[in-house]
>>> print(open('input.txt').read())   # compact mmCIF, C-alpha atoms
# COMPACT_ATOMS: atom_id res chain seq x y z
CA MET H 1 0.00 0.00 0.00
CA ARG H 2 1.31 3.48 -0.91
CA LYS H 3 2.02 5.71 2.09
CA ILE H 4 -0.02 8.88 2.44
CA LYS H 5 2.34 11.84 2.31
CA ASN H 6 2.03 14.41 5.10
CA ASN H 7 1.43 17.46 2.91
CA HIS H 8 0.79 19.64 5.95
CA LEU H 9 4.29 18.91 7.29
CA VAL H 10 5.86 19.62 3.88
CA ASP H 11 3.99 22.96 3.70
CA LEU H 12 5.23 23.91 7.18
CA VAL H 13 8.83 23.06 6.26
CA TYR H 14 8.42 24.98 2.99
CA GLN H 15 7.20 28.12 4.76
CA SER H 16 9.91 27.85 7.42
CA ILE H 17 12.78 27.56 4.94
CA LYS H 18 11.30 30.26 2.70
CA ASN H 19 11.06 32.58 5.71
CA MET H 20 14.68 31.82 6.56
CA ILE H 21 15.59 33.01 3.05
CA PHE H 22 13.34 36.09 3.23
CA ASP H 23 14.65 37.05 6.69
CA GLY H 24 18.27 36.74 5.61
CA PHE H 25 19.03 33.79 7.89
CA LEU H 26 19.93 32.02 4.64
CA PRO H 27 21.49 34.90 2.67
CA PRO H 28 22.01 35.04 -1.13
CA GLY H 29 24.90 32.75 -2.11
CA GLU H 30 24.62 30.61 1.02
CA LYS H 31 25.04 26.85 0.51
CA ILE H 32 22.10 24.77 1.71
CA ASN H 33 22.95 22.11 4.29
CA LYS H 34 19.99 19.74 4.24
CA ILE H 35 21.07 17.83 7.35
CA ASP H 36 21.44 21.04 9.38
CA LEU H 37 18.02 22.24 8.20
CA SER H 38 16.35 18.94 9.13
CA ARG H 39 17.90 19.16 12.62
CA GLN H 40 16.92 22.80 13.10
CA LEU H 41 13.34 22.15 12.03
CA GLY H 42 13.06 18.81 13.87
CA VAL H 43 12.02 16.84 10.80
CA SER H 44 13.45 14.04 8.68
CA ILE H 45 15.45 14.72 5.55
CA THR H 46 12.52 13.67 3.31
CA PRO H 47 10.36 16.84 3.58
CA VAL H 48 13.51 18.98 3.43
CA ASN H 49 14.50 17.33 0.14
CA GLU H 50 11.04 17.95 -1.27
CA VAL H 51 11.05 21.59 -0.21
CA ILE H 52 14.55 22.15 -1.63
CA ASN H 53 13.34 20.86 -5.00
CA ARG H 54 10.24 23.06 -4.79
CA LEU H 55 12.22 26.22 -3.95
CA THR H 56 14.65 25.42 -6.75
CA GLY H 57 11.72 25.26 -9.17
CA GLU H 58 10.55 28.63 -7.85
CA LYS H 59 14.04 30.08 -8.50
CA PHE H 60 14.81 30.90 -4.85
CA LEU H 61 17.50 28.22 -4.83
CA GLU H 62 19.81 27.07 -7.59
CA LYS H 63 21.68 23.81 -8.08
CA LYS H 64 25.34 24.12 -9.00
CA GLY H 65 26.29 20.70 -10.33
CA ARG H 66 27.92 18.51 -7.69
CA LYS H 67 28.48 21.45 -5.35
CA GLY H 68 24.88 21.32 -4.15
CA TYR H 69 22.11 23.86 -3.67
CA PHE H 70 22.58 27.57 -2.97
CA VAL H 71 20.32 30.52 -2.18
CA LYS H 72 20.03 32.33 -5.49
CA LYS H 73 21.71 35.67 -6.03
CA PHE H 74 19.37 37.76 -8.15
CA SER H 75 20.77 39.96 -10.88
CA MET H 76 19.85 43.48 -11.97
CA LYS H 77 18.07 41.87 -14.93
CA ASP H 78 15.91 39.85 -12.50
CA LEU H 79 15.09 43.01 -10.55
CA ILE H 80 14.08 44.85 -13.74
CA GLU H 81 11.82 41.98 -14.82
CA PHE H 82 10.07 41.93 -11.43
CA TYR H 83 9.74 45.72 -11.48
CA THR H 84 8.07 45.51 -14.89
CA VAL H 85 5.51 42.96 -13.72
CA ARG H 86 4.80 44.88 -10.54
CA ALA H 87 4.19 48.07 -12.53
CA GLY H 88 1.48 46.30 -14.49
CA LEU H 89 -0.06 44.68 -11.41
CA GLU H 90 -0.25 47.91 -9.42
CA GLY H 91 -1.72 49.74 -12.39
CA VAL H 92 -4.44 47.13 -12.88
CA VAL H 93 -5.25 47.08 -9.15
CA LEU H 94 -5.76 50.86 -9.11
CA ARG H 95 -7.80 50.81 -12.31
CA VAL H 96 -10.14 48.13 -10.95
CA CYS H 97 -10.41 49.17 -7.30
CA ILE H 98 -10.48 52.99 -7.16
CA GLU H 99 -14.17 53.45 -7.84
CA ASP H 100 -15.07 50.98 -5.07
CA LEU H 101 -12.86 52.50 -2.37
CA SER H 102 -14.65 53.70 0.74
CA ASP H 103 -14.17 57.22 2.07
CA ASP H 104 -12.05 55.78 4.89
CA GLN H 105 -9.76 54.05 2.39
CA LEU H 106 -9.39 57.28 0.43
CA ASN H 107 -8.50 59.11 3.64
CA GLU H 108 -5.73 56.58 4.26
CA PHE H 109 -4.19 57.43 0.89
CA GLU H 110 -4.43 61.14 1.63
CA LYS H 111 -2.06 60.67 4.58
CA PHE H 112 0.80 59.33 2.46
CA PHE H 113 3.72 61.75 1.83
CA LYS H 114 1.78 64.54 3.53
CA ASN H 115 4.52 65.83 5.82
CA PHE H 116 7.50 65.66 3.49
CA HIS H 117 9.25 68.82 2.36
CA LEU H 118 12.32 69.00 0.16
CA PRO H 119 15.26 69.02 0.56
CA PHE H 120 15.78 65.86 2.64
CA ASP H 121 18.62 65.02 4.98
CA GLU H 122 19.70 61.35 5.31
CA LYS H 123 17.28 60.67 8.18
CA GLU H 124 14.38 62.08 6.16
CA LYS H 125 15.42 60.00 3.13
CA GLU H 126 15.22 56.89 5.28
CA ARG H 127 11.73 57.86 6.43
CA TYR H 128 10.73 58.61 2.83
CA MET H 129 11.95 55.19 1.66
CA LYS H 130 9.77 53.48 4.28
CA GLU H 131 6.80 55.64 3.26
CA ASP H 132 7.42 54.72 -0.39
CA GLN H 133 7.33 51.02 0.52
CA ARG H 134 4.15 51.42 2.58
CA PHE H 135 2.43 53.30 -0.25
CA HIS H 136 3.11 50.63 -2.87
CA GLU H 137 2.23 47.86 -0.39
CA LYS H 138 -1.10 49.59 0.23
CA ILE H 139 -1.91 49.50 -3.49
CA ILE H 140 -1.14 45.78 -3.68
CA ASP H 141 -3.29 45.13 -0.59
CA LEU H 142 -6.31 46.65 -2.35
CA SER H 143 -6.40 43.69 -4.71
CA GLY H 144 -7.25 41.14 -2.01
CA ASN H 145 -5.69 38.68 -4.45
CA SER H 146 -3.51 35.96 -2.90
CA MET H 147 -1.57 35.36 -6.14
CA ILE H 148 -0.68 39.05 -6.41
CA ASN H 149 0.32 39.11 -2.74
CA ASP H 150 2.54 36.04 -3.22
CA PHE H 151 4.26 37.73 -6.16
CA ASN H 152 4.69 40.88 -4.10
CA GLN H 153 6.36 38.95 -1.28
CA ASN H 154 8.82 37.47 -3.78
CA PHE H 155 9.40 40.92 -5.29
CA ASN H 156 10.16 42.41 -1.88
CA PHE H 157 12.69 39.65 -1.22
CA ILE H 158 14.52 40.45 -4.44
CA MET H 159 14.41 44.17 -3.66
CA LYS H 160 15.83 43.55 -0.20
CA SER H 161 18.55 41.20 -1.41
CA TYR H 162 19.70 43.44 -4.26
CA GLN H 163 18.71 47.05 -3.75
CA LYS H 164 20.34 49.04 -0.96
CA GLY H 165 18.39 52.29 -1.30
CA LEU H 166 15.96 54.28 -3.39
CA VAL H 167 16.01 53.64 -7.14
CA ARG H 168 15.41 57.36 -7.77
CA GLN H 169 15.80 60.34 -5.49
CA PRO H 170 12.90 62.07 -3.67
CA GLU H 171 13.50 65.21 -5.75
CA GLU H 172 12.13 63.19 -8.69
CA THR H 173 9.57 60.93 -7.06
CA LEU H 174 7.86 62.98 -4.34
CA LYS H 175 5.83 65.01 -6.84
CA GLU H 176 4.99 61.82 -8.79
CA HIS H 177 3.66 60.15 -5.64
CA GLN H 178 1.58 63.20 -4.78
CA GLU H 179 0.07 63.31 -8.29
CA ILE H 180 -0.85 59.62 -8.10
CA ILE H 181 -2.48 60.14 -4.70
CA LYS H 182 -4.51 63.10 -6.00
CA ALA H 183 -5.81 60.98 -8.90
CA ILE H 184 -6.76 58.22 -6.43
CA ILE H 185 -8.59 60.62 -4.12
CA ASP H 186 -10.41 62.14 -7.12
CA ARG H 187 -11.33 58.54 -8.16
CA LYS H 188 -9.78 59.05 -11.60
CA SER H 189 -8.87 55.42 -12.21
CA HIS H 190 -7.49 55.82 -15.76
CA LYS H 191 -5.28 58.75 -14.77
CA ALA H 192 -4.05 57.03 -11.60
CA GLN H 193 -3.13 53.93 -13.58
CA GLU H 194 -1.28 55.96 -16.20
CA LEU H 195 0.63 58.01 -13.61
CA LEU H 196 1.58 54.95 -11.59
CA ILE H 197 2.86 52.97 -14.58
CA THR H 198 4.83 55.99 -15.80
CA HIS H 199 6.30 56.32 -12.29
CA HIS H 200 7.50 52.70 -12.43
CA LEU H 201 8.75 52.96 -16.02
CA LYS H 202 11.02 55.84 -15.04
CA SER H 203 12.47 53.68 -12.26
CA ILE H 204 12.93 50.80 -14.71
CA ARG H 205 14.86 53.08 -17.07
CA THR H 206 17.09 54.12 -14.17
CA LEU H 207 17.77 50.48 -13.31
CA LYS H 208 18.56 49.66 -16.93
CA SER H 209 21.09 52.48 -17.03
CA LYS H 210 23.03 50.69 -14.25
CA ILE H 211 23.54 47.50 -16.27
>>> encode(input="input.txt", output="structure tokens")
Amino acid sequence: MRKIKNNHLVDLVYQSIKNMIFDGFLPPGEKINKIDLSRQLGVSITPVNEVINRLTGEKFLEKKGRKGYFVKKFSMKDLIEFYTVRAGLEGVVLRVCIEDLSDDQLNEFEKFFKNFHLPFDEKEKERYMKEDQRFHEKIIDLSGNSMINDFNQNFNFIMKSYQKGLVRQPEETLKEHQEIIKAIIDRKSHKAQELLITHHLKSIRTLKSKI
């Protein structure tokens, strides 16, 4: 008789190892030690092997011949490709969701970037970068779509592992963010989508210039 596989255990191991990658406990370029992982997680080598294969298929790990498995180092080209997809996703989310936003949701958008005034010192740039991340996360959250949220989690991992700061400076992007927010508050879905995609395309061009 064929044994019934414990899919719940495999899923738990999968999420644990993926979180270890996302949190930097297993940094880009790190070699995967399956025995150590099985000991740390208190499981046999079998679910670890399955999860390693799964994460390799998802491009978070890569196999280097006889050397074994390693946490993948993403390239600038990878980052650009993810940026391109995210631009489209955020644009579609705004286009579809704006007209259905409640007044409370609109008020939340109105608070973004409200107390920023150029020029910025380094501390203010740090605060602006966090606000930028929160703003784009908020747009993704509007979708309520688990597939989009999964992609976004993967995108954020690549951003964190590759990018060390803002793609473009606040002197360029603050006004763009404020224009997008005004279009959202005015419920102008087409304009908001256009402004947001243009905002991302400018960042993509900046990334391409670094290749």
>>> closest_residue(input="input.txt", among="H:Leu37, H:Ile204, H:Leu106, H:Ile45", to="Arg168 (chain H)", atoms="all atoms listed in the file")
H:Ile204
>>> closest_residue(input="input.txt", among="H:Glu58, H:Asp103, H:Asp11, H:Glu81", to="Met159 (chain H)", atoms="only C-alpha atoms")
H:Glu81
>>> closest_residue(input="input.txt", among="H:Leu9, H:Ile80, H:Ile17, H:Ile52", to="Val167 (chain H)", atoms="all atoms listed in the file")
H:Ile80
>>> atom_distance(input="input.txt", atom1="CA of Lys125 (chain H)", atom2="CA of Glu171 (chain H)")
10.5 Å
>>> atom_distance(input="input.txt", atom1="CA of Glu176 (chain H)", atom2="CA of Leu101 (chain H)")
21.1 Å
>>> residues_around(input="input.txt", residues="Asp78 (chain H)", least_positions_apart="4", cutoff="10 Å", atoms="all atoms listed in the file", output="PDB file with C-alpha atoms, keeping the file's coordinate frame")
ATOM      1  CA  LYS H  73      21.710  35.670  -6.030  1.00  0.00           C
ATOM      2  CA  PHE H  74      19.370  37.760  -8.150  1.00  0.00           C
ATOM      3  CA  PHE H  82      10.070  41.930 -11.430  1.00  0.00           C
ATOM      4  CA  TYR H  83       9.740  45.720 -11.480  1.00  0.00           C
ATOM      5  CA  THR H  84       8.070  45.510 -14.890  1.00  0.00           C
ATOM      6  CA  PHE H 155       9.400  40.920  -5.290  1.00  0.00           C
ATOM      7  CA  ILE H 158      14.520  40.450  -4.440  1.00  0.00           C
ATOM      8  CA  MET H 159      14.410  44.170  -3.660  1.00  0.00           C
ATOM      9  CA  TYR H 162      19.700  43.440  -4.260  1.00  0.00           C
TER      10      TYR H 162
END
>>> closest_residue(input="input.txt", among="H:Asp36, H:Thr206, H:Gln178, H:Ser102", to="Ala192 (chain H)", atoms="only C-alpha atoms")
H:Gln178
>>> residues_around(input="input.txt", residues="Ile197 (chain H)", least_positions_apart="5", cutoff="9 Å", atoms="all atoms listed in the file", output="VMD selection string")
chain H and resid 87 to 88 90 to 91 192 202
>>> write_last_selection(input="input.txt", atoms="C-alpha atoms", output="CSV table (one decimal), keeping the file's coordinate frame")
chain,number,residue,atom,x,y,z
H,87,ALA,CA,4.2,48.1,-12.5
H,88,GLY,CA,1.5,46.3,-14.5
H,90,GLU,CA,-0.2,47.9,-9.4
H,91,GLY,CA,-1.7,49.7,-12.4
H,192,ALA,CA,-4.0,57.0,-11.6
H,202,LYS,CA,11.0,55.8,-15.0
>>> atom_distance(input="input.txt", atom1="CA of Val48 (chain H)", atom2="CA of Met147 (chain H)")
24.2 Å
>>> residues_around(input="input.txt", residues="region 141-146 of chain H", least_positions_apart="5", cutoff="12 Å", atoms="all atoms listed in the file", output="list of chain:residue names")
H:Leu89, H:Glu90, H:Gly91, H:Val92, H:Val93, H:Leu94, H:Arg95, H:Val96, H:Cys97, H:Ile98, H:Glu99, H:Asp100, H:Leu101, H:Ser102, H:Gln105, H:Leu106, H:Glu108, H:Phe109, H:Arg134, H:Phe135, H:His136, H:Phe151, H:Asn152, H:Gln153
>>> closest_residue(input="input.txt", among="H:Gly24, H:Asn107, H:Asn19, H:Ser75", to="Ile184 (chain H)", atoms="all atoms listed in the file")
H:Asn107
>>> residues_around(input="input.txt", residues="Lys72 (chain H)", least_positions_apart="2", cutoff="10 Å", atoms="all atoms listed in the file", output="PyMOL selection string")
chain H and resi 21+27-31+56+59-63+69-70+74-75+158+161
>>> closest_residue(input="input.txt", among="H:Ile148, H:Val85, H:Ile32, H:Leu26", to="Lys67 (chain H)", atoms="only C-alpha atoms")
H:Ile32
>>> residues_around(input="input.txt", residues="Glu124 (chain H)", least_positions_apart="6", cutoff="12 Å", atoms="all atoms listed in the file", output="PDB file with C-alpha atoms, keeping the file's coordinate frame")
ATOM      1  CA  PHE H 113       3.720  61.750   1.830  1.00  0.00           C
ATOM      2  CA  ASN H 115       4.520  65.830   5.820  1.00  0.00           C
ATOM      3  CA  PHE H 116       7.500  65.660   3.490  1.00  0.00           C
ATOM      4  CA  HIS H 117       9.250  68.820   2.360  1.00  0.00           C
ATOM      5  CA  LEU H 118      12.320  69.000   0.160  1.00  0.00           C
ATOM      6  CA  LYS H 130       9.770  53.480   4.280  1.00  0.00           C
ATOM      7  CA  GLU H 131       6.800  55.640   3.260  1.00  0.00           C
ATOM      8  CA  GLN H 169      15.800  60.340  -5.490  1.00  0.00           C
ATOM      9  CA  PRO H 170      12.900  62.070  -3.670  1.00  0.00           C
TER      10      PRO H 170
END
>>> build_atoms(input="input.txt", residues="region 19-48 of chain H", atoms="N, CA and C atoms", output="PDB file, in the frame of the given file")
ATOM      1  N   ASN H  19      10.916  31.453   4.792  1.00  0.00           N
ATOM      2  CA  ASN H  19      11.060  32.580   5.710  1.00  0.00           C
ATOM      3  C   ASN H  19      12.511  32.802   6.100  1.00  0.00           C
ATOM      4  N   MET H  20      13.255  31.718   6.239  1.00  0.00           N
ATOM      5  CA  MET H  20      14.680  31.820   6.560  1.00  0.00           C
ATOM      6  C   MET H  20      15.427  32.544   5.433  1.00  0.00           C
ATOM      7  N   ILE H  21      14.994  32.311   4.201  1.00  0.00           N
ATOM      8  CA  ILE H  21      15.590  33.010   3.050  1.00  0.00           C
ATOM      9  C   ILE H  21      15.167  34.472   3.063  1.00  0.00           C
ATOM     10  N   PHE H  22      13.862  34.722   3.244  1.00  0.00           N
ATOM     11  CA  PHE H  22      13.340  36.090   3.230  1.00  0.00           C
ATOM     12  C   PHE H  22      13.944  36.938   4.353  1.00  0.00           C
ATOM     13  N   ASP H  23      14.152  36.312   5.522  1.00  0.00           N
ATOM     14  CA  ASP H  23      14.650  37.050   6.690  1.00  0.00           C
ATOM     15  C   ASP H  23      16.166  37.208   6.690  1.00  0.00           C
ATOM     16  N   GLY H  24      16.821  36.606   5.692  1.00  0.00           N
ATOM     17  CA  GLY H  24      18.270  36.740   5.610  1.00  0.00           C
ATOM     18  C   GLY H  24      19.046  35.757   6.446  1.00  0.00           C
ATOM     19  N   PHE H  25      18.325  34.833   7.132  1.00  0.00           N
ATOM     20  CA  PHE H  25      19.030  33.790   7.890  1.00  0.00           C
ATOM     21  C   PHE H  25      19.801  32.876   6.938  1.00  0.00           C
ATOM     22  N   LEU H  26      19.230  32.696   5.738  1.00  0.00           N
ATOM     23  CA  LEU H  26      19.930  32.020   4.640  1.00  0.00           C
ATOM     24  C   LEU H  26      20.149  33.075   3.561  1.00  0.00           C
ATOM     25  N   PRO H  27      21.266  33.783   3.586  1.00  0.00           N
ATOM     26  CA  PRO H  27      21.490  34.900   2.670  1.00  0.00           C
ATOM     27  C   PRO H  27      21.803  34.451   1.244  1.00  0.00           C
ATOM     28  N   PRO H  28      21.666  35.359   0.261  1.00  0.00           N
ATOM     29  CA  PRO H  28      22.010  35.040  -1.130  1.00  0.00           C
ATOM     30  C   PRO H  28      23.441  34.498  -1.230  1.00  0.00           C
ATOM     31  N   GLY H  29      23.592  33.374  -1.953  1.00  0.00           N
ATOM     32  CA  GLY H  29      24.900  32.750  -2.110  1.00  0.00           C
ATOM     33  C   GLY H  29      25.210  31.688  -1.089  1.00  0.00           C
ATOM     34  N   GLU H  30      24.393  31.587  -0.037  1.00  0.00           N
ATOM     35  CA  GLU H  30      24.620  30.610   1.020  1.00  0.00           C
ATOM     36  C   GLU H  30      24.350  29.185   0.518  1.00  0.00           C
ATOM     37  N   LYS H  31      25.245  28.252   0.871  1.00  0.00           N
ATOM     38  CA  LYS H  31      25.040  26.850   0.510  1.00  0.00           C
ATOM     39  C   LYS H  31      24.027  26.226   1.462  1.00  0.00           C
ATOM     40  N   ILE H  32      23.118  25.429   0.919  1.00  0.00           N
ATOM     41  CA  ILE H  32      22.100  24.770   1.710  1.00  0.00           C
ATOM     42  C   ILE H  32      22.642  23.471   2.291  1.00  0.00           C
ATOM     43  N   ASN H  33      22.561  23.352   3.611  1.00  0.00           N
ATOM     44  CA  ASN H  33      22.950  22.110   4.290  1.00  0.00           C
ATOM     45  C   ASN H  33      21.662  21.415   4.730  1.00  0.00           C
ATOM     46  N   LYS H  34      21.270  20.399   3.985  1.00  0.00           N
ATOM     47  CA  LYS H  34      19.990  19.740   4.240  1.00  0.00           C
ATOM     48  C   LYS H  34      19.934  19.097   5.625  1.00  0.00           C
ATOM     49  N   ILE H  35      21.045  18.504   6.049  1.00  0.00           N
ATOM     50  CA  ILE H  35      21.070  17.830   7.350  1.00  0.00           C
ATOM     51  C   ILE H  35      20.888  18.852   8.470  1.00  0.00           C
ATOM     52  N   ASP H  36      21.594  19.984   8.377  1.00  0.00           N
ATOM     53  CA  ASP H  36      21.440  21.040   9.380  1.00  0.00           C
ATOM     54  C   ASP H  36      19.999  21.554   9.436  1.00  0.00           C
ATOM     55  N   LEU H  37      19.405  21.750   8.244  1.00  0.00           N
ATOM     56  CA  LEU H  37      18.020  22.240   8.200  1.00  0.00           C
ATOM     57  C   LEU H  37      17.064  21.242   8.840  1.00  0.00           C
ATOM     58  N   SER H  38      17.245  19.956   8.554  1.00  0.00           N
ATOM     59  CA  SER H  38      16.350  18.940   9.130  1.00  0.00           C
ATOM     60  C   SER H  38      16.472  18.925  10.649  1.00  0.00           C
ATOM     61  N   ARG H  39      17.701  19.124  11.156  1.00  0.00           N
ATOM     62  CA  ARG H  39      17.900  19.160  12.620  1.00  0.00           C
ATOM     63  C   ARG H  39      17.257  20.409  13.228  1.00  0.00           C
ATOM     64  N   GLN H  40      17.470  21.544  12.586  1.00  0.00           N
ATOM     65  CA  GLN H  40      16.920  22.800  13.100  1.00  0.00           C
ATOM     66  C   GLN H  40      15.399  22.773  13.137  1.00  0.00           C
ATOM     67  N   LEU H  41      14.802  22.161  12.130  1.00  0.00           N
ATOM     68  CA  LEU H  41      13.340  22.150  12.030  1.00  0.00           C
ATOM     69  C   LEU H  41      12.723  20.924  12.713  1.00  0.00           C
ATOM     70  N   GLY H  42      13.559  19.991  13.154  1.00  0.00           N
ATOM     71  CA  GLY H  42      13.060  18.810  13.870  1.00  0.00           C
ATOM     72  C   GLY H  42      12.276  17.863  12.991  1.00  0.00           C
ATOM     73  N   VAL H  43      12.707  17.736  11.734  1.00  0.00           N
ATOM     74  CA  VAL H  43      12.020  16.840  10.800  1.00  0.00           C
ATOM     75  C   VAL H  43      13.053  15.929  10.130  1.00  0.00           C
ATOM     76  N   SER H  44      12.550  14.924   9.418  1.00  0.00           N
ATOM     77  CA  SER H  44      13.450  14.040   8.680  1.00  0.00           C
ATOM     78  C   SER H  44      13.948  14.755   7.422  1.00  0.00           C
ATOM     79  N   ILE H  45      14.880  14.141   6.756  1.00  0.00           N
ATOM     80  CA  ILE H  45      15.450  14.720   5.550  1.00  0.00           C
ATOM     81  C   ILE H  45      14.463  14.713   4.380  1.00  0.00           C
ATOM     82  N   THR H  46      13.449  13.827   4.443  1.00  0.00           N
ATOM     83  CA  THR H  46      12.520  13.670   3.310  1.00  0.00           C
ATOM     84  C   THR H  46      11.761  14.947   2.973  1.00  0.00           C
ATOM     85  N   PRO H  47      11.057  15.596   3.943  1.00  0.00           N
ATOM     86  CA  PRO H  47      10.360  16.840   3.580  1.00  0.00           C
ATOM     87  C   PRO H  47      11.326  17.962   3.206  1.00  0.00           C
ATOM     88  N   VAL H  48      12.520  17.968   3.782  1.00  0.00           N
ATOM     89  CA  VAL H  48      13.510  18.980   3.430  1.00  0.00           C
ATOM     90  C   VAL H  48      13.915  18.819   1.970  1.00  0.00           C
TER      91      VAL H  48
END
